[in-house]
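A.B. asks: Here you go, this is coords_35.cif (mmCIF, C-alpha atoms and all ligand atoms).
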data_target
#
loop_
_atom_site.group_PDB
_atom_site.id
_atom_site.type_symbol
_atom_site.label_atom_id
_atom_site.label_comp_id
_atom_site.auth_asym_id
_atom_site.auth_seq_id
_atom_site.Cartn_x
_atom_site.Cartn_y
_atom_site.Cartn_z
ATOM 1 C CA MET A 1 127.395 86.529 97.748
ATOM 2 C CA THR A 2 129.910 87.786 95.198
ATOM 3 C CA LEU A 3 128.919 84.932 92.897
ATOM 4 C CA ASN A 4 125.273 85.878 93.206
ATOM 5 C CA PHE A 5 126.069 89.425 92.228
ATOM 6 C CA VAL A 6 128.070 88.338 89.191
ATOM 7 C CA ARG A 7 124.895 86.679 87.982
ATOM 8 C CA ILE A 8 122.512 89.460 88.801
ATOM 9 C CA ALA A 9 124.618 92.520 87.983
ATOM 10 C CA TYR A 10 122.816 93.333 84.757
ATOM 11 C CA ALA A 11 119.417 92.257 86.054
ATOM 12 C CA TYR A 12 119.723 94.403 89.176
ATOM 13 C CA ASP A 13 118.437 97.660 87.760
ATOM 14 C CA ARG A 14 115.317 95.908 86.540
ATOM 15 C CA THR A 15 114.169 94.988 90.051
ATOM 16 C CA ARG A 16 115.274 98.142 91.790
ATOM 17 C CA TYR A 17 114.515 100.602 89.043
ATOM 18 C CA HIS A 18 114.065 104.243 90.031
ATOM 19 C CA PRO A 19 112.197 106.540 87.631
ATOM 20 C CA PRO A 20 114.372 109.551 86.707
ATOM 21 C CA GLU A 21 112.433 112.012 88.888
ATOM 22 C CA VAL A 22 112.851 109.672 91.863
ATOM 23 C CA SER A 23 116.608 109.410 91.263
ATOM 24 C CA GLY A 24 116.713 113.202 91.157
ATOM 25 C CA LYS A 25 114.855 113.553 94.468
ATOM 26 C CA ILE A 26 117.145 111.026 96.154
ATOM 27 C CA ALA A 27 120.243 112.820 94.873
ATOM 28 C CA THR A 28 118.886 116.175 96.090
ATOM 29 C CA ALA A 29 118.072 114.788 99.540
ATOM 30 C CA ILE A 30 121.662 113.582 99.820
ATOM 31 C CA VAL A 31 123.647 116.445 98.337
ATOM 32 C CA SER A 32 121.664 119.413 99.751
ATOM 33 C CA PRO A 33 122.581 119.097 103.447
ATOM 34 C CA VAL A 34 126.186 118.302 102.535
ATOM 35 C CA GLU A 35 126.402 121.310 100.209
ATOM 36 C CA GLU A 36 125.144 123.554 102.995
ATOM 37 C CA SER A 37 127.941 122.447 105.285
ATOM 38 C CA PHE A 38 130.967 121.848 103.041
ATOM 39 C CA ARG A 39 132.505 123.478 99.989
ATOM 40 C CA GLU A 40 133.603 120.996 97.316
ATOM 41 C CA PRO A 41 132.303 117.962 99.221
ATOM 42 C CA VAL A 42 133.572 114.464 98.491
ATOM 43 C CA PHE A 43 131.065 111.591 98.572
ATOM 44 C CA LEU A 44 131.759 107.921 99.257
ATOM 45 C CA GLU A 45 129.216 105.215 98.529
ATOM 46 C CA LEU A 46 129.636 101.782 100.105
ATOM 47 C CA GLY A 47 128.276 98.872 98.067
ATOM 48 C CA VAL A 48 127.700 101.276 95.207
ATOM 49 C CA GLY A 49 126.463 98.456 92.953
ATOM 50 C CA THR A 50 125.334 99.536 89.512
ATOM 51 C CA GLY A 51 125.227 103.181 90.587
ATOM 52 C CA ARG A 52 121.487 103.499 91.007
ATOM 53 C CA VAL A 53 122.018 106.159 93.686
ATOM 54 C CA GLY A 54 125.586 107.169 92.791
ATOM 55 C CA VAL A 55 125.175 107.950 89.090
ATOM 56 C CA PRO A 56 122.765 110.899 89.600
ATOM 57 C CA ILE A 57 125.220 112.377 92.128
ATOM 58 C CA VAL A 58 128.096 111.903 89.683
ATOM 59 C CA ALA A 59 125.995 113.504 86.939
ATOM 60 C CA ARG A 60 125.723 116.657 89.065
ATOM 61 C CA GLY A 61 129.486 116.970 88.971
ATOM 62 C CA TYR A 62 130.381 116.040 92.551
ATOM 63 C CA ARG A 63 133.573 114.294 93.551
ATOM 64 C CA PHE A 64 132.536 110.742 94.193
ATOM 65 C CA VAL A 65 134.157 107.461 95.198
ATOM 66 C CA GLY A 66 132.244 104.196 94.954
ATOM 67 C CA VAL A 67 133.382 100.935 96.489
ATOM 68 C CA ASP A 68 131.978 97.477 95.981
ATOM 69 C CA VAL A 69 133.231 93.909 96.388
ATOM 70 C CA SER A 70 131.706 92.921 93.057
ATOM 71 C CA PRO A 71 133.691 93.777 89.925
ATOM 72 C CA SER A 72 130.604 93.018 87.808
ATOM 73 C CA MET A 73 128.465 95.596 89.577
ATOM 74 C CA LEU A 74 131.253 98.160 89.268
ATOM 75 C CA GLU A 75 131.586 97.352 85.582
ATOM 76 C CA VAL A 76 127.900 98.162 84.992
ATOM 77 C CA MET A 77 128.364 101.483 86.776
ATOM 78 C CA ARG A 78 131.537 102.236 84.776
ATOM 79 C CA HIS A 79 129.544 101.930 81.566
ATOM 80 C CA LYS A 80 126.890 104.301 82.877
ATOM 81 C CA ILE A 81 129.331 107.053 83.786
ATOM 82 C CA ALA A 82 131.568 106.774 80.746
ATOM 83 C CA GLY A 83 132.185 110.338 79.602
ATOM 84 C CA VAL A 84 130.922 112.089 82.740
ATOM 85 C CA GLY A 85 133.108 110.385 85.280
ATOM 86 C CA ARG A 86 136.196 112.542 85.544
ATOM 87 C CA LYS A 87 135.737 113.219 89.264
ATOM 88 C CA VAL A 88 134.834 109.614 90.022
ATOM 89 C CA ARG A 89 136.795 106.671 91.326
ATOM 90 C CA LEU A 90 135.309 103.197 91.475
ATOM 91 C CA ILE A 91 137.276 100.829 93.641
ATOM 92 C CA GLU A 92 136.912 97.134 94.347
ATOM 93 C CA ALA A 93 137.038 97.146 98.144
ATOM 94 C CA ASP A 94 135.258 95.824 101.207
ATOM 95 C CA ALA A 95 133.139 98.250 103.213
ATOM 96 C CA ARG A 96 134.479 96.584 106.362
ATOM 97 C CA GLU A 97 138.066 97.526 105.533
ATOM 98 C CA LEU A 98 138.203 100.742 103.588
ATOM 99 C CA PRO A 99 141.444 101.757 101.864
ATOM 100 C CA PHE A 100 141.061 105.427 102.866
ATOM 101 C CA GLU A 101 142.572 107.770 105.424
ATOM 102 C CA ARG A 102 140.623 108.927 108.449
ATOM 103 C CA GLY A 103 138.353 111.899 107.675
ATOM 104 C CA SER A 104 138.627 111.670 103.861
ATOM 105 C CA PHE A 105 134.927 112.173 103.051
ATOM 106 C CA HIS A 106 132.137 114.626 103.783
ATOM 107 C CA ALA A 107 129.380 112.097 103.205
ATOM 108 C CA VAL A 108 129.164 108.313 103.232
ATOM 109 C CA ILE A 109 126.206 106.625 101.558
ATOM 110 C CA GLY A 110 124.983 103.056 102.060
ATOM 111 C CA VAL A 111 121.848 101.769 100.317
ATOM 112 C CA HIS A 112 120.595 98.195 100.742
ATOM 113 C CA LEU A 113 123.886 97.063 102.193
ATOM 114 C CA TRP A 114 123.746 96.391 105.950
ATOM 115 C CA HIS A 115 121.570 93.283 105.694
ATOM 116 C CA LEU A 116 124.214 91.620 103.498
ATOM 117 C CA LEU A 117 126.903 91.950 106.164
ATOM 118 C CA ASP A 118 126.783 89.744 109.248
ATOM 119 C CA ASP A 119 129.443 91.947 110.816
ATOM 120 C CA TRP A 120 127.870 95.243 109.767
ATOM 121 C CA GLN A 121 129.327 96.893 112.887
ATOM 122 C CA ARG A 122 132.745 96.866 111.213
ATOM 123 C CA ALA A 123 131.391 98.661 108.157
ATOM 124 C CA LEU A 124 129.604 101.221 110.328
ATOM 125 C CA LEU A 125 132.776 101.976 112.274
ATOM 126 C CA GLU A 126 134.723 102.238 109.029
ATOM 127 C CA ALA A 127 132.152 104.704 107.706
ATOM 128 C CA PHE A 128 132.602 106.852 110.801
ATOM 129 C CA ARG A 129 136.405 106.595 110.576
ATOM 130 C CA VAL A 130 136.566 107.898 107.006
ATOM 131 C CA LEU A 131 134.049 110.692 107.640
ATOM 132 C CA ALA A 132 135.327 114.186 108.388
ATOM 133 C CA PRO A 133 134.049 115.912 111.563
ATOM 134 C CA GLY A 134 130.523 117.146 110.866
ATOM 135 C CA GLY A 135 130.235 114.662 107.993
ATOM 136 C CA PHE A 136 127.015 112.854 107.097
ATOM 137 C CA LEU A 137 126.085 109.194 106.915
ATOM 138 C CA PHE A 138 123.156 108.512 104.577
ATOM 139 C CA GLU A 139 121.432 105.146 104.663
ATOM 140 C CA GLY A 140 118.734 104.562 102.081
ATOM 141 C CA TRP A 141 116.191 101.915 101.251
ATOM 142 C CA ASP A 142 113.143 101.199 99.082
ATOM 143 C CA VAL A 143 109.880 100.227 100.774
ATOM 144 C CA ALA A 144 106.908 98.719 98.937
ATOM 145 C CA ALA A 145 103.383 99.147 100.278
ATOM 146 C CA ALA A 146 102.399 95.836 101.838
ATOM 147 C CA GLU A 147 99.246 95.364 99.799
ATOM 148 C CA ASN A 148 100.311 94.625 96.241
ATOM 149 C CA GLU A 149 100.153 91.657 93.872
ATOM 150 C CA ASP A 150 103.923 91.130 93.789
ATOM 151 C CA TRP A 151 103.884 90.765 97.562
ATOM 152 C CA ARG A 152 100.897 88.423 97.357
ATOM 153 C CA ILE A 153 102.785 86.155 94.945
ATOM 154 C CA GLN A 154 105.807 86.099 97.248
ATOM 155 C CA GLU A 155 103.593 85.317 100.238
ATOM 156 C CA LYS A 156 101.996 82.431 98.344
ATOM 157 C CA TRP A 157 105.469 81.087 97.603
ATOM 158 C CA ARG A 158 106.275 81.368 101.297
ATOM 159 C CA GLU A 159 103.148 79.338 102.077
ATOM 160 C CA ILE A 160 104.099 76.667 99.496
ATOM 161 C CA LEU A 161 107.652 76.452 100.855
ATOM 162 C CA GLY A 162 106.218 76.228 104.373
ATOM 163 C CA GLU A 163 104.146 73.204 103.318
ATOM 164 C CA MET A 164 107.382 71.683 101.979
ATOM 165 C CA GLY A 165 108.986 72.199 105.388
ATOM 166 C CA PHE A 166 111.066 75.278 104.638
ATOM 167 C CA GLU A 167 110.598 78.594 106.403
ATOM 168 C CA LEU A 168 111.239 81.512 104.055
ATOM 169 C CA LYS A 169 112.482 84.363 106.234
ATOM 170 C CA ARG A 170 111.786 87.914 105.177
ATOM 171 C CA GLY A 171 112.210 91.320 106.787
ATOM 172 C CA ARG A 172 115.933 90.855 107.453
ATOM 173 C CA HIS A 173 116.741 94.283 106.061
ATOM 174 C CA GLN A 174 114.238 96.140 108.260
ATOM 175 C CA ARG A 175 115.454 94.290 111.349
ATOM 176 C CA ARG A 176 119.038 95.162 110.493
ATOM 177 C CA LEU A 177 118.158 98.817 109.971
ATOM 178 C CA ALA A 178 116.664 98.894 113.468
ATOM 179 C CA GLU A 179 119.861 97.360 114.897
ATOM 180 C CA VAL A 180 122.015 99.927 113.117
ATOM 181 C CA ARG A 181 119.824 102.771 114.400
ATOM 182 C CA GLN A 182 120.149 101.458 117.928
ATOM 183 C CA ALA A 183 123.945 101.233 117.578
ATOM 184 C CA MET A 184 124.103 104.831 116.383
ATOM 185 C CA GLU A 185 121.873 106.070 119.192
ATOM 186 C CA GLN A 186 124.084 104.289 121.693
ATOM 187 C CA LEU A 187 126.977 106.299 120.272
ATOM 188 C CA GLY A 188 124.994 109.451 121.051
ATOM 189 C CA LEU A 189 124.130 110.143 117.402
ATOM 190 C CA GLU A 190 120.716 111.274 116.232
ATOM 191 C CA PRO A 191 119.574 109.647 112.989
ATOM 192 C CA VAL A 192 116.775 111.483 111.156
ATOM 193 C CA GLU A 193 114.538 109.436 108.862
ATOM 194 C CA GLU A 194 112.557 110.846 105.945
ATOM 195 C CA THR A 195 110.625 109.578 102.919
ATOM 196 C CA VAL A 196 112.184 111.494 100.039
ATOM 197 C CA ALA A 197 110.336 110.050 97.027
ATOM 198 C CA GLU A 198 107.214 108.054 96.174
ATOM 199 C CA TRP A 199 106.307 106.383 92.914
ATOM 200 C CA ILE A 200 104.283 103.585 91.343
ATOM 201 C CA GLU A 201 105.912 100.696 89.520
ATOM 202 C CA GLU A 202 103.878 98.603 87.095
ATOM 203 C CA ARG A 203 104.876 94.938 87.407
ATOM 204 C CA THR A 204 103.193 91.982 85.735
ATOM 205 C CA PRO A 205 102.697 88.584 87.418
ATOM 206 C CA ARG A 206 105.119 87.124 84.856
ATOM 207 C CA GLN A 207 107.781 89.651 85.910
ATOM 208 C CA SER A 208 107.168 88.887 89.588
ATOM 209 C CA MET A 209 107.778 85.219 88.790
ATOM 210 C CA GLU A 210 110.910 85.930 86.748
ATOM 211 C CA ILE A 211 112.363 87.911 89.630
ATOM 212 C CA LEU A 212 111.837 84.932 91.946
ATOM 213 C CA GLU A 213 113.127 82.427 89.369
ATOM 214 C CA GLU A 214 116.321 84.386 88.881
ATOM 215 C CA ARG A 215 116.797 84.626 92.675
ATOM 216 C CA LEU A 216 117.293 88.360 92.348
ATOM 217 C CA TYR A 217 116.176 89.147 95.892
ATOM 218 C CA SER A 218 118.470 88.143 98.736
ATOM 219 C CA PHE A 219 115.593 86.494 100.673
ATOM 220 C CA THR A 220 115.473 83.833 97.934
ATOM 221 C CA TRP A 221 119.123 82.805 98.266
ATOM 222 C CA GLY A 222 118.614 80.499 101.231
ATOM 223 C CA VAL A 223 116.000 78.307 99.516
ATOM 224 C CA PRO A 224 117.648 74.898 98.926
ATOM 225 C CA GLU A 225 118.078 73.911 95.276
ATOM 226 C CA GLU A 226 115.956 70.743 95.683
ATOM 227 C CA LEU A 227 112.953 72.796 96.868
ATOM 228 C CA PHE A 228 113.471 75.766 94.612
ATOM 229 C CA ARG A 229 112.174 74.316 91.319
ATOM 230 C CA PRO A 230 109.272 72.244 92.728
ATOM 231 C CA SER A 231 108.062 75.163 94.851
ATOM 232 C CA LEU A 232 108.146 77.505 91.877
ATOM 233 C CA ASP A 233 106.326 74.967 89.702
ATOM 234 C CA ALA A 234 103.563 74.891 92.327
ATOM 235 C CA LEU A 235 103.589 78.676 92.497
ATOM 236 C CA TRP A 236 103.311 78.949 88.702
ATOM 237 C CA GLU A 237 100.186 76.806 88.856
ATOM 238 C CA TRP A 238 98.637 79.121 91.434
ATOM 239 C CA VAL A 239 99.713 82.232 89.518
ATOM 240 C CA ARG A 240 98.200 80.958 86.261
ATOM 241 C CA ASP A 241 94.890 80.252 88.045
ATOM 242 C CA THR A 242 94.890 83.552 89.919
ATOM 243 C CA TYR A 243 96.042 85.851 87.119
ATOM 244 C CA PRO A 244 94.654 84.714 83.760
ATOM 245 C CA GLU A 245 96.377 87.763 82.223
ATOM 246 C CA LEU A 246 100.005 87.112 83.070
ATOM 247 C CA ASP A 247 101.162 90.242 81.287
ATOM 248 C CA GLN A 248 98.600 92.554 82.841
ATOM 249 C CA PRO A 249 100.586 95.005 85.013
ATOM 250 C CA HIS A 250 99.702 95.620 88.647
ATOM 251 C CA PRO A 251 100.775 98.724 90.536
ATOM 252 C CA ILE A 252 103.376 98.541 93.283
ATOM 253 C CA PRO A 253 103.465 101.734 95.370
ATOM 254 C CA TRP A 254 107.052 102.408 96.425
ATOM 255 C CA ARG A 255 108.763 104.968 98.567
ATOM 256 C CA PHE A 256 112.416 105.676 99.224
ATOM 257 C CA VAL A 257 113.541 106.442 102.737
ATOM 258 C CA ILE A 258 116.744 108.183 103.736
ATOM 259 C CA ARG A 259 118.165 108.147 107.226
ATOM 260 C CA ARG A 260 120.621 110.954 107.753
ATOM 261 C CA THR A 261 123.068 110.969 110.637
ATOM 262 C CA ARG A 262 125.526 113.766 111.256
ATOM 263 C CA LEU A 263 128.793 113.392 113.143
ATOM 264 C CA PRO A 264 129.699 116.071 115.692
ATOM 265 C CA GLU A 265 131.785 118.921 114.236
HETATM 266 N N1 LIG B 1 123.625 100.300 96.785
HETATM 267 C C1 LIG B 1 123.254 99.772 95.489
HETATM 268 C C2 LIG B 1 121.806 100.062 95.192
HETATM 269 O O1 LIG B 1 121.023 100.317 96.117
HETATM 270 O O2 LIG B 1 121.423 100.025 94.028
HETATM 271 C C3 LIG B 1 123.505 98.262 95.438
HETATM 272 C C4 LIG B 1 122.752 97.460 96.465
HETATM 273 S S1 LIG B 1 123.041 95.701 96.327
HETATM 274 C C5 LIG B 1 121.668 95.018 97.177
HETATM 275 C C6 LIG B 1 124.351 95.483 97.495
HETATM 276 C C7 LIG B 1 125.727 95.804 96.939
HETATM 277 O O3 LIG B 1 126.671 95.697 98.016
HETATM 278 C C8 LIG B 1 126.203 94.850 95.856
HETATM 279 O O4 LIG B 1 126.687 95.567 94.757
HETATM 280 C C9 LIG B 1 127.289 94.043 96.541
HETATM 281 O O5 LIG B 1 128.300 93.602 95.661
HETATM 282 C C10 LIG B 1 127.817 95.040 97.550
HETATM 283 N N2 LIG B 1 128.497 94.462 98.707
HETATM 284 C C11 LIG B 1 128.166 93.344 99.390
HETATM 285 N N3 LIG B 1 129.018 93.166 100.415
HETATM 286 C C12 LIG B 1 129.901 94.196 100.381
HETATM 287 C C13 LIG B 1 131.021 94.570 101.177
HETATM 288 N N4 LIG B 1 131.409 93.833 102.208
HETATM 289 N N5 LIG B 1 131.696 95.693 100.850
HETATM 290 C C14 LIG B 1 131.320 96.442 99.784
HETATM 291 N N6 LIG B 1 130.275 96.140 98.989
HETATM 292 C C15 LIG B 1 129.566 95.025 99.287
#
Go ahead and express the file in the form of structure tokens.
C.D. replies:
Amino acid sequence: MTLNFVRIAYAYDRTRYHPPEVSGKIATAIVSPVEESFREPVFLELGVGTGRVGVPIVARGYRFVGVDVSPSMLEVMRHKIAGVGRKVRLIEADARELPFERGSFHAVIGVHLWHLLDDWQRALLEAFRVLAPGGFLFEGWDVAAAENEDWRIQEKWREILGEMGFELKRGRHQRRLAEVRQAMEQLGLEPVEETVAEWIEERTPRQSMEILEERLYSFTWGVPEELFRPSLDALWEWVRDTYPELDQPHPIPWRFVIRRTRLPE
């Protein structure tokens, strides 16, 4: 996984781009409840990546620590916060074994992380260990409306791979989120879920194909090398027939969901 992220670090923001007003809404949804409960709060983000969610929080002047196992992702974030990052620490560390004392943070953030960890339970327990009493866990994720051309292209690829004998599995992230919710409820916690921003991304069929070709999404990583190229060649044929204008953008309606869970005080 680390190797994959070395490759995609700079490409990451292209596939998971948030318009500025969306970044602002996400930051507000995270910092507001924490601000109401704590003076001078300290934020920790697990799997901070390129700082898509963290940078807007840093820009508002909060104390912030980001951890990630990928030095390349952290490097991209370091460039973004150069000059505004005096209250920031970026640390190469594993979310499953955090190098922090119990109760060090008022909020822990995790966006698009759980599905990458087979033993996510360890990371969840670590998050709770480093949170102060009354602290908040924020999980966040992007959701695309099911009916869009990008999705249609991916579904066609799934069909092609199926004909080649390979089952492309999707939806791992949503399943994992449900497991994490269940684990938290079993601990007596009460996660609250909310859509905090909605926006439209314009993506062309050529861009949809590039994203698949570069294996930017984790659901593409399991496709064996020997099927990868032939299946994409077949998909290109279908895409060229279906979309004569390869650079004609199609809208993808997105929303960003935050699940907020508060520890007892
Ligand atoms: N949270 C960022 C965002 O939404 O833009 C990045 C999400 S990216 C899909 C997942 C990130 O988690 C990557 O930067 C990856 O290096 C990091 N990661 C994967 N496993 C990790 C672990 N065990 N501990 C900490 N970070 C991890």
A.B. asks: In terms of the shortest atom-to-atom distance over only C-alpha atoms, which of A:Tyr62, A:Leu227, A:Pro71, A:Leu44 is closest to Phe100 of chain A?
C.D. replies: A:Leu44
A.B. asks: Please measure the separation of atom CA of Arg215 of chain A and atom CA of Tyr243 of chain A, giving the value in Å to one decimal.
C.D. replies: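 Those two atoms sit 21.5 Å apart.
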A.B. asks: Residue by residue, what does the PyMOL selection byres (((chain A and resi 48-56) around 8) and not hetatm) grab here? Present the result as an mmCIF file with C-alpha atoms, keeping the file's coordinate frame.
C.D. replies:
data_model
loop_
_atom_site.group_PDB
_atom_site.id
_atom_site.type_symbol
_atom_site.label_atom_id
_atom_site.label_comp_id
_atom_site.auth_asym_id
_atom_site.auth_seq_id
_atom_site.Cartn_x
_atom_site.Cartn_y
_atom_site.Cartn_z
ATOM 1 C CA ALA A 9 124.618 92.520 87.983
ATOM 2 C CA TYR A 12 119.723 94.403 89.176
ATOM 3 C CA ASP A 13 118.437 97.660 87.760
ATOM 4 C CA TYR A 17 114.515 100.602 89.043
ATOM 5 C CA HIS A 18 114.065 104.243 90.031
ATOM 6 C CA SER A 23 116.608 109.410 91.263
ATOM 7 C CA GLY A 24 116.713 113.202 91.157
ATOM 8 C CA ILE A 26 117.145 111.026 96.154
ATOM 9 C CA ALA A 27 120.243 112.820 94.873
ATOM 10 C CA GLU A 45 129.216 105.215 98.529
ATOM 11 C CA LEU A 46 129.636 101.782 100.105
ATOM 12 C CA GLY A 47 128.276 98.872 98.067
ATOM 13 C CA ILE A 57 125.220 112.377 92.128
ATOM 14 C CA VAL A 58 128.096 111.903 89.683
ATOM 15 C CA ALA A 59 125.995 113.504 86.939
ATOM 16 C CA ARG A 60 125.723 116.657 89.065
ATOM 17 C CA PHE A 64 132.536 110.742 94.193
ATOM 18 C CA GLY A 66 132.244 104.196 94.954
ATOM 19 C CA VAL A 67 133.382 100.935 96.489
ATOM 20 C CA ASP A 68 131.978 97.477 95.981
ATOM 21 C CA SER A 70 131.706 92.921 93.057
ATOM 22 C CA MET A 73 128.465 95.596 89.577
ATOM 23 C CA LEU A 74 131.253 98.160 89.268
ATOM 24 C CA GLU A 75 131.586 97.352 85.582
ATOM 25 C CA VAL A 76 127.900 98.162 84.992
ATOM 26 C CA MET A 77 128.364 101.483 86.776
ATOM 27 C CA LYS A 80 126.890 104.301 82.877
ATOM 28 C CA ILE A 81 129.331 107.053 83.786
ATOM 29 C CA GLY A 110 124.983 103.056 102.060
ATOM 30 C CA VAL A 111 121.848 101.769 100.317
#
A.B. asks: Skip Glu159 of chain A itself and residues of its chain fewer than 6 positions away, then list as a list in words all residues within 12 Å of it, counting only C-alpha atoms.
C.D. replies: Arg152, Ile153, Gly165, Phe166, Glu167, Leu168, Lys169, Ser231, Leu232, Ala234, Leu235 and Trp238 of chain A
A.B. asks: With 8 Å of padding per side, what axis-aligned box (centre and edge lengths, Å, one decimal) covers all the listed atoms of segment 155-161 of chain A? Give it as lines of an AutoDock Vina configuration file.
C.D. replies:
center_x = 104.8
center_y = 80.9
center_z = 99.8
size_x = 21.7
size_y = 24.9
size_z = 20.5
A.B. asks: Select, from A:Glu202, A:Glu126, A:Glu179, A:Asp241, the residue with the minimum atom-to-atom distance to ligand LIG 1 (chain B), counting only C-alpha atoms and all ligand atoms.
C.D. replies: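 The shortest atom-to-atom distance to ligand LIG 1 (chain B) comes from A:Glu126.
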A.B. asks: What is the atom CA of Val257 of chain A-atom C5 of ligand LIG 1 (chain B) distance in Å, reported with one decimal?
C.D. replies: 15.1 Å
A.B. asks: Expand the PyMOL selection byres (((chain A and resi 201) around 7) and not hetatm) into the individual residues it matches in the shown file, reporting them as a list in words.
C.D. replies: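 Output of the PyMOL selection byres (((chain A and resi 201) around 7) and not hetatm): Trp199, Ile200, Glu202, Arg203, Pro251, Ile252 and Pro253 of chain A.
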A.B. asks: Between A:Asp142, A:Asp150, A:Glu190, A:Glu214, which one has atoms that come closest to Gln174 of chain A, using only C-alpha atoms?
C.D. replies: A:Asp142
A.B. asks: Closest to Ala107 of chain A among A:Asp247, A:Val239, A:Arg181, A:Arg262, using all atoms listed in the file?
C.D. replies: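 Result for the nearest residue to Ala107 of chain A: A:Arg262.
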A.B. asks: With 6 Å as the threshold, what does the neighbourhood of (118.3, 107.9, 102.3) contain in terms of residues, counting all atoms listed in the file? Coordinates are those of the file; answer as a list in words.
C.D. replies: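 Collected hits near the coordinates: Phe138, Glu139, Gly140, Val257, Ile258 and Arg259 of chain A.
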A.B. asks: Report as number ranges by chain the full result of the PyMOL selection byres (((chain A and resi 123) around 10) and not hetatm) when it is applied to this structure.
C.D. replies: A: 46, 94-98, 110, 113-114, 117, 119-122, 124-129
A.B. asks: With only C-alpha atoms as the basis for distance, which of A:Ser208, A:Gln186, A:Gln154, A:Ser32 is at the shortest distance from His250 of chain A?
C.D. replies: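 Comparing A:Ser208, A:Gln186, A:Gln154, A:Ser32 against His250 of chain A, the winner is A:Ser208.
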A.B. asks: If I take atom CA of Val180 of chain A and atom CA of Leu116 of chain A, how far is one from the other in Å, to one decimal?
C.D. replies: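 Straight-line distance from atom CA of Val180 of chain A to atom CA of Leu116 of chain A works out to 12.9 Å.
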A.B. asks: Return the single residue from A:Pro33, A:Pro99, A:Gly83, A:Pro249 that is closest to ligand LIG 1 (chain B), with distances computed using all atoms listed in the file.
C.D. replies: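 Nearest candidate to ligand LIG 1 (chain B) out of A:Pro33, A:Pro99, A:Gly83, A:Pro249: A:Pro99.
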A.B. asks: Report as a ChimeraX atom specification all protein, DNA and RNA residues lying within 10 Å of Ser37 of chain A, evaluated on all atoms listed in the file, omitting residues in the same chain fewer than 5 positions from it.
C.D. replies: /A:32,106,134-136
A.B. asks: Find the residues near Trp221 of chain A: any atom within 12 Å, counting all atoms listed in the file, skip ones fewer than 2 places away on the same chain, and give them as a list in words.
C.D. replies: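 My reading of the contact set: Met1, Leu3, Asn4, Phe5, Leu116, Leu168, Lys169, Arg170, Leu212, Glu213, Glu214, Arg215, Leu216, Tyr217, Ser218, Phe219, Val223, Pro224, Glu225, Leu227 and Phe228 of chain A.
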